[in-house]
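Trainee: Dropping a structure here in structure tokens format, bear with me for questions.
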Number of protein chains: 2
Amino acid sequence: MLSVGIDLGGTNIKAALIHREKGILKQISVSTDADSGLEATLDRLGQIAIEVSAEAQDDITGVGIGAPGMISLDRKSVQNPPNLPGWDVVPLADEITKRTGMKCLVENDANLMALGSARFGSGRPYDNFVMITLGTGVGGGIIIDNRIFRGATGAAGELGHVSIDYKGAQCNSTVPGAIEAYLGQRFLSKRAADEIEKNPESDLYKKFSGDFSKLEPLDLTEAANHGDQLAVDILADAGRLLGYAIVNYAHVLDVRKFVISGGVAKAGDLILKPAFAAAMERLMPPFRTDFEIIPELLGNEAALLGAGTLALENL
Amino acid sequence: MLSVGIDLGGTNIKAALIHREKGILKQISVSTDADSGLEATLDRLGQIAIEVSAEAQDDITGVGIGAPGMISLDRKSVQNPPNLPGWDVVPLADEITKRTGMKCLVENDANLMALGSARFGSGRPYDNFVMITLGTGVGGGIIIDNRIFRGATGAAGELGHVSIDYKGAQCNSTVPGAIEAYLGQRFLSKRAADEIEKNPESDLYKKFSGDFSKLEPLDLTEAANHGDQLAVDILADAGRLLGYAIVNYAHVLDVRKFVISGGVAKAGDLILKPAFAAAMERLMPPFRTDFEIIPELLGNEAALLGAGTLALENL
């Protein structure tokens, strides 16, 4: 049995033909062109769903879509997705069915990354794990008993907005000290720039000639891999703070496996090892048993695989 | 159908005959006498179970026991319960069955308070809520889809050990800034004493003549109810910190209802109103919908009712 998995982003729409065991059979991408308006984007979503499944029409269970923002509990509509202007409350699943004749479900994109990881990625061996996505923002998806944990209204897993310091730094969260304020790409870059600015002798200072507006976490990773101690320290510090947030998630959920994905996660052990050490130090002793922090290697494909899985398992 | 609910504490063992609709039909209590050793305490548990159910023997589904500490995933054994010296890993359910002929299940006492609240208390109207117990320690139980949420190994809901400040105060938790370090009875009393000590003009200072070793949260509540502004401020401050912890729980779990019980909760609105205001200020906007903090009025009976319910619904 096959399905269509779609990843609806503010910049691109990606669609894939998904096989339950083989994963992605075919993948295409188009520009979201969000400024063209809601109807045009919906049409584009319908077209790409039909296009990617054209040769397999009879075997398609349906379409799963990963979208940013709040998803209704019935997985039919999307509310105020960021980066999609003019989308208020959109009955996305019905609109796609209308345009394609295929059944459709929608889910939060971070939740679908977790589901993709559970079926095709690092989360595969585990019935219970938390996926943390370290990208522009910090997001998450929670897998309990091998399924997405959705909470009371479908919005569970807003992990980036869990605070580790109630008097702490403010990001674009309502919560001071939210972990996103330390590990979100822009905030990590800003914190790094502040550190580097104090160290004019450092390689990174010289590389950016004192203008750090273009510094990205990847620059830190590269510098650290070339032995720059300041970069190592900045990433280790970020890792420790991630570890503290993970302790909070673990003590609420009693989940022992944490799978990390997203651009910032490319720092790998430079972040994950300090995160593990910091968490092990602060977890209550029983929660240290089987505790692991694991990188997700699937990248953005996890969301497509999760979207396809959503359709395969629920339609 | 009836069951036996038992609340196993370090000081007392309470047992009740529980009816699914009518709740507690009969209740007895004996001293735990933990120093007499494991076997003697097990015998006492067996005796009290038989005694409380003597007149209804034919209608008993089984025995549910609420115990402190870690409970195994199969709800059969207890691990290192605090205040019960000599209890390492105890196959409590089987030991009770051996002594009484009745089937038995064990669950964490805070989880059973949540279950008791769900069936007989303030949690009754809600399919999803979090119970926070503010007592000597801060504990919790999570109800999702009308059942106890247990996590990967049965230890979910260690809410007192969620940190709101990674550089914060240390209690008997492994986690600096754990909410228990602010709201646990002893820690709240200590923080209050420190404040009062700075205010020798305050009524509380005069009442305790400068020796605050006996000050308890109840003294704060009494003073606040008599118009003592310092006491009002101390409790409001504690409430705000509780609100920040609740934001963390809410953003992970997407639960909108928080039911508060335990001795410190007797401060009522003096703590709960500031907690609500602080949480509403920091919750992400969608999480403010239907958000409520509600007192539990059942008191310790919630644990007995939950223990009885555990047996009624699972044996």
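Ordering of the structure tokens sets the chain letters (A, B, ...); residue numbers start at 1 within each chain; ligands are numbered from 1 in the order shown.
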Tell me which protein, DNA and RNA residues are within 6 Å of stretch 299-313 of chain B, counting only C-alpha atoms, leaving out same-chain ones fewer than 5 positions away, and put them as a list in words.
Mentor: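 Surrounding residues, per the criterion: Ser3, Val4, Gly5, Ile6, Asp7, Ile18, Gly62, Val63, Gly64, Ile65, Gly66, Leu112, Met113, Leu115, Gly116 and Ser117 of chain B.
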Trainee: Save out the residues we just selected, C-alpha atoms, as an mmCIF file, in the first residue's frame.
Mentor:
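Result saved to result-v4.cif:
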```cif
data_model
loop_
_atom_site.group_PDB
_atom_site.id
_atom_site.type_symbol
_atom_site.label_atom_id
_atom_site.label_comp_id
_atom_site.auth_asym_id
_atom_site.auth_seq_id
_atom_site.Cartn_x
_atom_site.Cartn_y
_atom_site.Cartn_z
ATOM 1 C CA SER B 3 -12.971 -2.911 46.155
ATOM 2 C CA VAL B 4 -10.430 -2.201 48.867
ATOM 3 C CA GLY B 5 -8.355 0.937 48.533
ATOM 4 C CA ILE B 6 -5.222 1.263 50.658
ATOM 5 C CA ASP B 7 -2.998 4.271 51.193
ATOM 6 C CA ILE B 18 -14.835 1.607 47.966
ATOM 7 C CA GLY B 62 -9.619 -6.801 44.630
ATOM 8 C CA VAL B 63 -7.217 -4.501 46.424
ATOM 9 C CA GLY B 64 -5.591 -1.331 45.080
ATOM 10 C CA ILE B 65 -2.636 0.093 46.987
ATOM 11 C CA GLY B 66 -1.155 3.554 46.717
ATOM 12 C CA LEU B 112 -3.886 7.519 42.542
ATOM 13 C CA MET B 113 -4.793 10.939 43.943
ATOM 14 C CA LEU B 115 -7.351 8.979 39.565
ATOM 15 C CA GLY B 116 -9.429 9.572 42.694
ATOM 16 C CA SER B 117 -9.945 13.177 41.618
#
```
Trainee: If chain B is fitted onto chain A by least squares over all C-alpha atoms, taken pair by pair in sequence order, what do its new coordinates look like as an mmCIF file with C-alpha atoms, in the first residue's frame?
Mentor:
```cif
data_model
loop_
_atom_site.group_PDB
_atom_site.id
_atom_site.type_symbol
_atom_site.label_atom_id
_atom_site.label_comp_id
_atom_site.auth_asym_id
_atom_site.auth_seq_id
_atom_site.Cartn_x
_atom_site.Cartn_y
_atom_site.Cartn_z
ATOM 1 C CA MET B 1 0.020 -0.007 0.022
ATOM 2 C CA LEU B 2 1.223 3.492 -0.825
ATOM 3 C CA SER B 3 0.431 7.011 0.301
ATOM 4 C CA VAL B 4 1.341 10.602 -0.468
ATOM 5 C CA GLY B 5 3.307 12.499 2.139
ATOM 6 C CA ILE B 6 3.474 16.285 1.873
ATOM 7 C CA ASP B 7 5.623 18.725 3.798
ATOM 8 C CA LEU B 8 4.067 22.200 3.615
ATOM 9 C CA GLY B 9 6.650 24.854 4.417
ATOM 10 C CA GLY B 10 6.644 28.614 4.073
ATOM 11 C CA THR B 11 9.185 28.393 1.224
ATOM 12 C CA ASN B 12 8.686 25.000 -0.440
ATOM 13 C CA ILE B 13 6.075 22.299 -0.741
ATOM 14 C CA LYS B 14 7.607 18.844 -0.886
ATOM 15 C CA ALA B 15 5.663 15.751 -1.798
ATOM 16 C CA ALA B 16 6.677 12.108 -1.836
ATOM 17 C CA LEU B 17 5.234 8.783 -2.760
ATOM 18 C CA ILE B 18 5.630 6.649 0.364
ATOM 19 C CA HIS B 19 5.802 2.880 0.695
ATOM 20 C CA ARG B 20 5.223 1.395 4.152
ATOM 21 C CA GLU B 21 8.505 -0.553 4.153
ATOM 22 C CA LYS B 22 10.582 1.021 1.413
ATOM 23 C CA GLY B 23 9.956 4.622 2.406
ATOM 24 C CA ILE B 24 10.251 7.347 -0.235
ATOM 25 C CA LEU B 25 9.778 6.001 -3.788
ATOM 26 C CA LYS B 26 9.642 9.376 -5.524
ATOM 27 C CA GLN B 27 9.915 12.987 -4.392
ATOM 28 C CA ILE B 28 9.103 16.339 -5.966
ATOM 29 C CA SER B 29 9.250 19.902 -4.721
ATOM 30 C CA VAL B 30 7.638 23.175 -5.759
ATOM 31 C CA SER B 31 7.803 26.689 -4.439
ATOM 32 C CA THR B 32 5.054 27.460 -1.909
ATOM 33 C CA ASP B 33 4.699 30.966 -3.300
ATOM 34 C CA ALA B 34 2.671 31.851 -0.226
ATOM 35 C CA ASP B 35 2.132 35.419 -1.440
ATOM 36 C CA SER B 36 -0.036 34.154 -4.283
ATOM 37 C CA GLY B 37 -2.739 33.549 -1.700
ATOM 38 C CA LEU B 38 -4.555 30.697 -0.020
ATOM 39 C CA GLU B 39 -6.493 29.350 -3.026
ATOM 40 C CA ALA B 40 -3.410 29.244 -5.234
ATOM 41 C CA THR B 41 -1.401 27.408 -2.572
ATOM 42 C CA LEU B 42 -4.231 24.907 -2.066
ATOM 43 C CA ASP B 43 -4.342 24.323 -5.824
ATOM 44 C CA ARG B 44 -0.592 23.801 -5.866
ATOM 45 C CA LEU B 45 -0.866 21.305 -2.995
ATOM 46 C CA GLY B 46 -3.552 19.391 -4.885
ATOM 47 C CA GLN B 47 -1.534 19.361 -8.104
ATOM 48 C CA ILE B 48 1.642 18.116 -6.453
ATOM 49 C CA ALA B 49 -0.291 15.349 -4.670
ATOM 50 C CA ILE B 50 -1.760 14.170 -7.977
ATOM 51 C CA GLU B 51 1.536 14.490 -9.788
ATOM 52 C CA VAL B 52 3.630 12.486 -7.319
ATOM 53 C CA SER B 53 1.072 9.673 -7.192
ATOM 54 C CA ALA B 54 0.132 9.627 -10.886
ATOM 55 C CA GLU B 55 1.656 6.250 -11.714
ATOM 56 C CA ALA B 56 0.257 4.553 -8.629
ATOM 57 C CA GLN B 57 -3.216 6.021 -8.375
ATOM 58 C CA ASP B 58 -5.000 2.737 -7.582
ATOM 59 C CA ASP B 59 -2.742 1.866 -4.657
ATOM 60 C CA ILE B 60 -2.929 5.166 -2.769
ATOM 61 C CA THR B 61 -4.488 5.112 0.709
ATOM 62 C CA GLY B 62 -4.561 8.855 0.905
ATOM 63 C CA VAL B 63 -2.588 12.008 1.574
ATOM 64 C CA GLY B 64 -0.853 13.023 4.808
ATOM 65 C CA ILE B 65 0.236 16.639 5.177
ATOM 66 C CA GLY B 66 2.688 18.077 7.659
ATOM 67 C CA ALA B 67 1.999 21.739 8.369
ATOM 68 C CA PRO B 68 3.385 24.280 10.806
ATOM 69 C CA GLY B 69 1.074 25.714 13.438
ATOM 70 C CA MET B 70 -1.892 24.349 15.364
ATOM 71 C CA ILE B 71 -3.762 21.372 13.957
ATOM 72 C CA SER B 72 -7.325 20.520 14.983
ATOM 73 C CA LEU B 73 -7.911 17.430 17.090
ATOM 74 C CA ASP B 74 -9.645 15.691 14.157
ATOM 75 C CA ARG B 75 -6.557 16.353 11.993
ATOM 76 C CA LYS B 76 -8.630 18.139 9.377
ATOM 77 C CA SER B 77 -7.767 21.821 9.691
ATOM 78 C CA VAL B 78 -4.834 24.148 10.281
ATOM 79 C CA GLN B 79 -4.864 27.298 12.378
ATOM 80 C CA ASN B 80 -2.627 30.328 11.749
ATOM 81 C CA PRO B 81 0.412 28.512 10.357
ATOM 82 C CA PRO B 82 3.481 30.775 10.611
ATOM 83 C CA ASN B 83 4.925 31.952 7.265
ATOM 84 C CA LEU B 84 1.632 31.373 5.438
ATOM 85 C CA PRO B 85 -0.044 34.800 5.353
ATOM 86 C CA GLY B 86 -3.805 34.772 4.938
ATOM 87 C CA TRP B 87 -4.208 31.289 6.419
ATOM 88 C CA ASP B 88 -6.552 31.762 9.342
ATOM 89 C CA VAL B 89 -8.424 28.518 10.024
ATOM 90 C CA VAL B 90 -8.158 26.408 6.860
ATOM 91 C CA PRO B 91 -10.005 23.080 6.418
ATOM 92 C CA LEU B 92 -6.920 21.793 4.641
ATOM 93 C CA ALA B 93 -7.800 18.073 4.513
ATOM 94 C CA ASP B 94 -11.213 18.666 2.922
ATOM 95 C CA GLU B 95 -9.758 21.155 0.429
ATOM 96 C CA ILE B 96 -7.211 18.569 -0.716
ATOM 97 C CA THR B 97 -9.849 15.843 -0.987
ATOM 98 C CA LYS B 98 -11.985 18.211 -3.046
ATOM 99 C CA ARG B 99 -9.071 18.815 -5.425
ATOM 100 C CA THR B 100 -7.656 15.281 -5.642
ATOM 101 C CA GLY B 101 -10.389 12.809 -4.761
ATOM 102 C CA MET B 102 -7.982 11.370 -2.189
ATOM 103 C CA LYS B 103 -8.683 11.189 1.531
ATOM 104 C CA CYS B 104 -6.426 13.429 3.580
ATOM 105 C CA LEU B 105 -5.199 14.069 7.127
ATOM 106 C CA VAL B 106 -3.070 16.901 8.507
ATOM 107 C CA GLU B 107 -0.675 16.862 11.436
ATOM 108 C CA ASN B 108 1.872 19.222 12.948
ATOM 109 C CA ASP B 109 5.182 18.956 11.054
ATOM 110 C CA ALA B 110 7.301 18.335 14.164
ATOM 111 C CA ASN B 111 4.939 15.537 15.224
ATOM 112 C CA LEU B 112 5.325 13.990 11.777
ATOM 113 C CA MET B 113 9.119 14.169 11.999
ATOM 114 C CA ALA B 114 8.783 12.125 15.183
ATOM 115 C CA LEU B 115 6.476 9.645 13.450
ATOM 116 C CA GLY B 116 8.847 9.420 10.484
ATOM 117 C CA SER B 117 11.713 8.742 12.881
ATOM 118 C CA ALA B 118 9.602 6.116 14.670
ATOM 119 C CA ARG B 119 8.994 4.136 11.473
ATOM 120 C CA PHE B 120 12.079 4.854 9.341
ATOM 121 C CA GLY B 121 14.711 6.607 11.466
ATOM 122 C CA SER B 122 16.597 6.588 14.744
ATOM 123 C CA GLY B 123 13.361 6.227 16.714
ATOM 124 C CA ARG B 124 12.623 2.860 15.137
ATOM 125 C CA PRO B 125 13.770 0.684 18.047
ATOM 126 C CA TYR B 126 11.729 2.593 20.626
ATOM 127 C CA ASP B 127 8.053 2.579 21.571
ATOM 128 C CA ASN B 128 8.520 5.770 23.575
ATOM 129 C CA PHE B 129 10.754 8.672 22.629
ATOM 130 C CA VAL B 130 10.825 12.422 22.227
ATOM 131 C CA MET B 131 11.958 14.042 18.985
ATOM 132 C CA ILE B 132 13.508 17.482 19.451
ATOM 133 C CA THR B 133 13.961 19.558 16.306
ATOM 134 C CA LEU B 134 16.669 22.209 16.562
ATOM 135 C CA GLY B 135 16.123 24.560 13.651
ATOM 136 C CA THR B 136 15.028 28.158 13.235
ATOM 137 C CA GLY B 137 12.838 27.378 16.218
ATOM 138 C CA VAL B 138 12.915 24.493 18.653
ATOM 139 C CA GLY B 139 10.058 22.048 18.198
ATOM 140 C CA GLY B 140 9.172 18.591 19.217
ATOM 141 C CA GLY B 141 7.085 15.518 18.848
ATOM 142 C CA ILE B 142 6.338 12.927 21.505
ATOM 143 C CA ILE B 143 5.911 9.249 20.703
ATOM 144 C CA ILE B 144 4.156 7.190 23.383
ATOM 145 C CA ASP B 145 3.256 3.541 22.815
ATOM 146 C CA ASN B 146 4.501 3.931 19.253
ATOM 147 C CA ARG B 147 1.996 6.683 18.399
ATOM 148 C CA ILE B 148 2.037 10.491 18.400
ATOM 149 C CA PHE B 149 1.078 11.817 21.829
ATOM 150 C CA ARG B 150 -1.305 14.686 21.138
ATOM 151 C CA GLY B 151 -2.596 15.918 24.530
ATOM 152 C CA ALA B 152 -6.016 17.433 25.129
ATOM 153 C CA THR B 153 -6.381 19.402 21.884
ATOM 154 C CA GLY B 154 -3.604 18.063 19.627
ATOM 155 C CA ALA B 155 -0.954 20.641 20.561
ATOM 156 C CA ALA B 156 1.285 18.574 22.860
ATOM 157 C CA GLY B 157 5.051 18.805 22.478
ATOM 158 C CA GLU B 158 5.647 22.552 22.315
ATOM 159 C CA LEU B 159 9.090 21.701 23.652
ATOM 160 C CA GLY B 160 10.779 24.907 22.517
ATOM 161 C CA HIS B 161 8.508 26.849 24.850
ATOM 162 C CA VAL B 162 9.510 24.987 27.994
ATOM 163 C CA SER B 163 11.453 27.329 30.250
ATOM 164 C CA ILE B 164 14.690 26.492 32.025
ATOM 165 C CA ASP B 165 14.911 29.912 33.687
ATOM 166 C CA TYR B 166 11.837 31.871 34.703
ATOM 167 C CA LYS B 167 13.936 35.056 34.842
ATOM 168 C CA GLY B 168 15.715 34.142 31.635
ATOM 169 C CA ALA B 169 16.173 35.411 28.103
ATOM 170 C CA GLN B 170 13.176 36.250 25.961
ATOM 171 C CA CYS B 171 12.830 34.909 22.425
ATOM 172 C CA ASN B 172 9.761 35.065 20.221
ATOM 173 C CA SER B 173 8.114 32.889 22.864
ATOM 174 C CA THR B 174 5.712 34.094 25.530
ATOM 175 C CA VAL B 175 7.992 32.357 28.032
ATOM 176 C CA PRO B 176 11.184 33.897 29.406
ATOM 177 C CA GLY B 177 14.012 31.377 29.474
ATOM 178 C CA ALA B 178 12.325 29.129 26.903
ATOM 179 C CA ILE B 179 14.870 26.668 25.526
ATOM 180 C CA GLU B 180 14.227 28.135 22.071
ATOM 181 C CA ALA B 181 15.781 31.373 23.334
ATOM 182 C CA TYR B 182 19.066 29.496 23.747
ATOM 183 C CA LEU B 183 19.031 26.946 20.932
ATOM 184 C CA GLY B 184 16.882 28.465 18.195
ATOM 185 C CA GLN B 185 19.200 29.176 15.276
ATOM 186 C CA ARG B 186 19.002 32.954 15.454
ATOM 187 C CA PHE B 187 19.320 33.056 19.225
ATOM 188 C CA LEU B 188 22.237 30.652 19.325
ATOM 189 C CA SER B 189 23.967 32.737 16.642
ATOM 190 C CA LYS B 190 23.366 35.923 18.617
ATOM 191 C CA ARG B 191 24.682 34.394 21.828
ATOM 192 C CA ALA B 192 27.704 33.104 19.958
ATOM 193 C CA ALA B 193 28.338 36.522 18.379
ATOM 194 C CA ASP B 194 28.267 38.133 21.825
ATOM 195 C CA GLU B 195 30.872 35.651 23.065
ATOM 196 C CA ILE B 196 33.091 35.976 20.011
ATOM 197 C CA GLU B 197 32.943 39.759 20.208
ATOM 198 C CA LYS B 198 34.584 39.520 23.620
ATOM 199 C CA ASN B 199 37.393 37.445 22.097
ATOM 200 C CA PRO B 200 38.981 39.440 19.259
ATOM 201 C CA GLU B 201 41.896 36.987 19.248
ATOM 202 C CA SER B 202 39.659 34.076 18.224
ATOM 203 C CA ASP B 203 39.642 32.605 14.713
ATOM 204 C CA LEU B 204 35.916 33.234 14.401
ATOM 205 C CA TYR B 205 36.363 36.918 15.198
ATOM 206 C CA LYS B 206 38.942 37.175 12.445
ATOM 207 C CA LYS B 207 36.847 35.168 9.984
ATOM 208 C CA PHE B 208 33.860 37.504 10.350
ATOM 209 C CA SER B 209 35.991 40.653 10.728
ATOM 210 C CA GLY B 210 33.860 41.777 13.624
ATOM 211 C CA ASP B 211 30.566 41.652 11.703
ATOM 212 C CA PHE B 212 28.661 38.668 13.018
ATOM 213 C CA SER B 213 25.323 39.269 11.351
ATOM 214 C CA LYS B 214 25.940 36.334 9.010
ATOM 215 C CA LEU B 215 27.280 33.916 11.622
ATOM 216 C CA GLU B 216 25.331 30.655 11.759
ATOM 217 C CA PRO B 217 25.534 27.625 14.015
ATOM 218 C CA LEU B 218 27.185 25.759 11.132
ATOM 219 C CA ASP B 219 30.123 28.195 11.340
ATOM 220 C CA LEU B 220 30.523 27.255 14.981
ATOM 221 C CA THR B 221 30.498 23.564 14.103
ATOM 222 C CA GLU B 222 33.094 24.051 11.386
ATOM 223 C CA ALA B 223 35.342 26.125 13.633
ATOM 224 C CA ALA B 224 34.965 23.627 16.470
ATOM 225 C CA ASN B 225 35.840 20.761 14.159
ATOM 226 C CA HIS B 226 38.989 22.678 13.268
ATOM 227 C CA GLY B 227 39.916 22.892 16.911
ATOM 228 C CA ASP B 228 38.616 26.368 17.820
ATOM 229 C CA GLN B 229 38.158 26.103 21.582
ATOM 230 C CA LEU B 230 35.802 29.087 21.809
ATOM 231 C CA ALA B 231 33.440 27.470 19.301
ATOM 232 C CA VAL B 232 33.677 24.173 21.198
ATOM 233 C CA ASP B 233 32.779 25.992 24.420
ATOM 234 C CA ILE B 234 29.821 27.851 22.908
ATOM 235 C CA LEU B 235 28.331 24.664 21.495
ATOM 236 C CA ALA B 236 28.997 22.770 24.730
ATOM 237 C CA ASP B 237 27.221 25.494 26.658
ATOM 238 C CA ALA B 238 24.223 25.227 24.317
ATOM 239 C CA GLY B 239 24.315 21.459 24.767
ATOM 240 C CA ARG B 240 24.230 21.735 28.539
ATOM 241 C CA LEU B 241 21.156 23.954 28.383
ATOM 242 C CA LEU B 242 19.503 21.462 26.044
ATOM 243 C CA GLY B 243 20.316 18.785 28.625
ATOM 244 C CA TYR B 244 18.519 20.782 31.322
ATOM 245 C CA ALA B 245 15.428 21.091 29.135
ATOM 246 C CA ILE B 246 15.551 17.356 28.433
ATOM 247 C CA VAL B 247 15.531 16.677 32.192
ATOM 248 C CA ASN B 248 12.279 18.633 32.402
ATOM 249 C CA TYR B 249 10.706 16.667 29.554
ATOM 250 C CA ALA B 250 11.892 13.370 31.055
ATOM 251 C CA HIS B 251 10.538 14.077 34.529
ATOM 252 C CA VAL B 252 7.098 14.928 33.148
ATOM 253 C CA LEU B 253 6.826 12.160 30.545
ATOM 254 C CA ASP B 254 9.094 9.377 31.836
ATOM 255 C CA VAL B 255 10.614 8.987 28.392
ATOM 256 C CA ARG B 256 14.234 7.832 28.250
ATOM 257 C CA LYS B 257 15.113 8.241 24.575
ATOM 258 C CA PHE B 258 15.601 11.648 22.950
ATOM 259 C CA VAL B 259 16.121 11.882 19.207
ATOM 260 C CA ILE B 260 17.581 15.172 17.962
ATOM 261 C CA SER B 261 17.143 16.530 14.452
ATOM 262 C CA GLY B 262 17.286 19.845 12.592
ATOM 263 C CA GLY B 263 20.009 22.133 11.312
ATOM 264 C CA VAL B 264 21.566 22.975 14.664
ATOM 265 C CA ALA B 265 21.761 19.235 15.406
ATOM 266 C CA LYS B 266 24.404 19.008 12.672
ATOM 267 C CA ALA B 267 26.848 20.014 15.395
ATOM 268 C CA GLY B 268 26.433 16.385 16.488
ATOM 269 C CA ASP B 269 28.468 15.301 19.495
ATOM 270 C CA LEU B 270 29.649 18.883 20.026
ATOM 271 C CA ILE B 271 26.139 19.554 21.364
ATOM 272 C CA LEU B 272 24.808 16.085 22.141
ATOM 273 C CA LYS B 273 27.627 14.896 24.408
ATOM 274 C CA PRO B 274 27.445 17.912 26.743
ATOM 275 C CA ALA B 275 23.637 17.589 26.673
ATOM 276 C CA PHE B 276 23.876 13.951 27.731
ATOM 277 C CA ALA B 277 26.378 14.678 30.506
ATOM 278 C CA ALA B 278 24.326 17.586 31.861
ATOM 279 C CA ALA B 279 21.106 15.567 31.820
ATOM 280 C CA MET B 280 22.673 12.510 33.479
ATOM 281 C CA GLU B 281 23.907 14.756 36.259
ATOM 282 C CA ARG B 282 20.436 16.143 36.975
ATOM 283 C CA LEU B 283 18.008 13.333 36.179
ATOM 284 C CA MET B 284 16.549 11.534 39.180
ATOM 285 C CA PRO B 285 18.442 8.233 39.471
ATOM 286 C CA PRO B 286 15.698 5.927 38.116
ATOM 287 C CA PHE B 287 15.396 8.135 35.024
ATOM 288 C CA ARG B 288 19.079 7.598 34.173
ATOM 289 C CA THR B 289 18.414 3.943 33.343
ATOM 290 C CA ASP B 290 18.385 3.481 29.552
ATOM 291 C CA PHE B 291 18.681 7.243 29.075
ATOM 292 C CA GLU B 292 20.020 8.143 25.633
ATOM 293 C CA ILE B 293 20.292 11.140 23.315
ATOM 294 C CA ILE B 294 20.474 10.040 19.690
ATOM 295 C CA PRO B 295 20.887 12.033 16.463
ATOM 296 C CA GLU B 296 18.297 11.637 13.697
ATOM 297 C CA LEU B 297 20.038 11.140 10.371
ATOM 298 C CA LEU B 298 16.990 11.301 8.104
ATOM 299 C CA GLY B 299 16.964 15.087 7.833
ATOM 300 C CA ASN B 300 13.933 16.706 6.292
ATOM 301 C CA GLU B 301 12.849 13.401 4.810
ATOM 302 C CA ALA B 302 11.606 12.425 8.276
ATOM 303 C CA ALA B 303 8.684 14.838 7.902
ATOM 304 C CA LEU B 304 7.719 13.412 4.488
ATOM 305 C CA LEU B 305 7.994 9.861 5.773
ATOM 306 C CA GLY B 306 5.896 10.803 8.800
ATOM 307 C CA ALA B 307 3.268 12.462 6.606
ATOM 308 C CA GLY B 308 3.042 9.363 4.450
ATOM 309 C CA THR B 309 2.863 7.157 7.534
ATOM 310 C CA LEU B 310 0.041 9.280 8.960
ATOM 311 C CA ALA B 311 -2.011 8.502 5.850
ATOM 312 C CA LEU B 312 -1.005 4.827 5.728
ATOM 313 C CA GLU B 313 -1.904 4.186 9.356
ATOM 314 C CA ASN B 314 -4.989 6.351 9.738
ATOM 315 C CA LEU B 315 -6.849 6.389 6.420
#
```
Trainee: Residues of stretch 169-286 of chain A classed as strand (DSSP E or B) by DSSP on the backbone are to be reported as a list in words.
Mentor: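 Selection result, strand (DSSP E or B) within stretch 169-286 of chain A: Ala178, Lys257, Phe258, Val259, Ile260 and Ser261 of chain A.
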Trainee: Would you list, as a list in words, the residues of stretch 73-104 of chain A that end up in alpha helix (DSSP H) under DSSP run on this structure's backbone?
Mentor: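 Of stretch 73-104 of chain A, only Leu92, Ala93, Asp94, Glu95, Ile96, Thr97, Lys98, Arg99 and Thr100 of chain A fall in alpha helix (DSSP H).
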Trainee: Could the residues in this selection be saved with N, CA and C atoms as a tab-separated table (two decimals), in the first residue's frame?
Mentor:
```
chain	number	residue	atom	x	y	z
A	92	LEU	N	-7.92	22.20	5.64
A	92	LEU	CA	-6.94	21.77	4.64
A	92	LEU	C	-7.25	20.37	4.09
A	93	ALA	N	-7.59	19.43	4.97
A	93	ALA	CA	-7.81	18.06	4.51
A	93	ALA	C	-8.97	18.02	3.50
A	94	ASP	N	-10.07	18.68	3.82
A	94	ASP	CA	-11.22	18.66	2.91
A	94	ASP	C	-10.90	19.36	1.59
A	95	GLU	N	-10.14	20.43	1.67
A	95	GLU	CA	-9.77	21.14	0.44
A	95	GLU	C	-8.92	20.26	-0.48
A	96	ILE	N	-8.07	19.45	0.10
A	96	ILE	CA	-7.23	18.56	-0.72
A	96	ILE	C	-8.08	17.42	-1.31
A	97	THR	N	-8.97	16.89	-0.50
A	97	THR	CA	-9.86	15.83	-1.00
A	97	THR	C	-10.70	16.35	-2.17
A	98	LYS	N	-11.20	17.57	-2.00
A	98	LYS	CA	-12.00	18.19	-3.06
A	98	LYS	C	-11.20	18.26	-4.38
A	99	ARG	N	-9.92	18.57	-4.26
A	99	ARG	CA	-9.10	18.78	-5.45
A	99	ARG	C	-8.50	17.50	-6.02
A	100	THR	N	-8.42	16.45	-5.21
A	100	THR	CA	-7.68	15.26	-5.67
A	100	THR	C	-8.52	13.99	-5.66
```
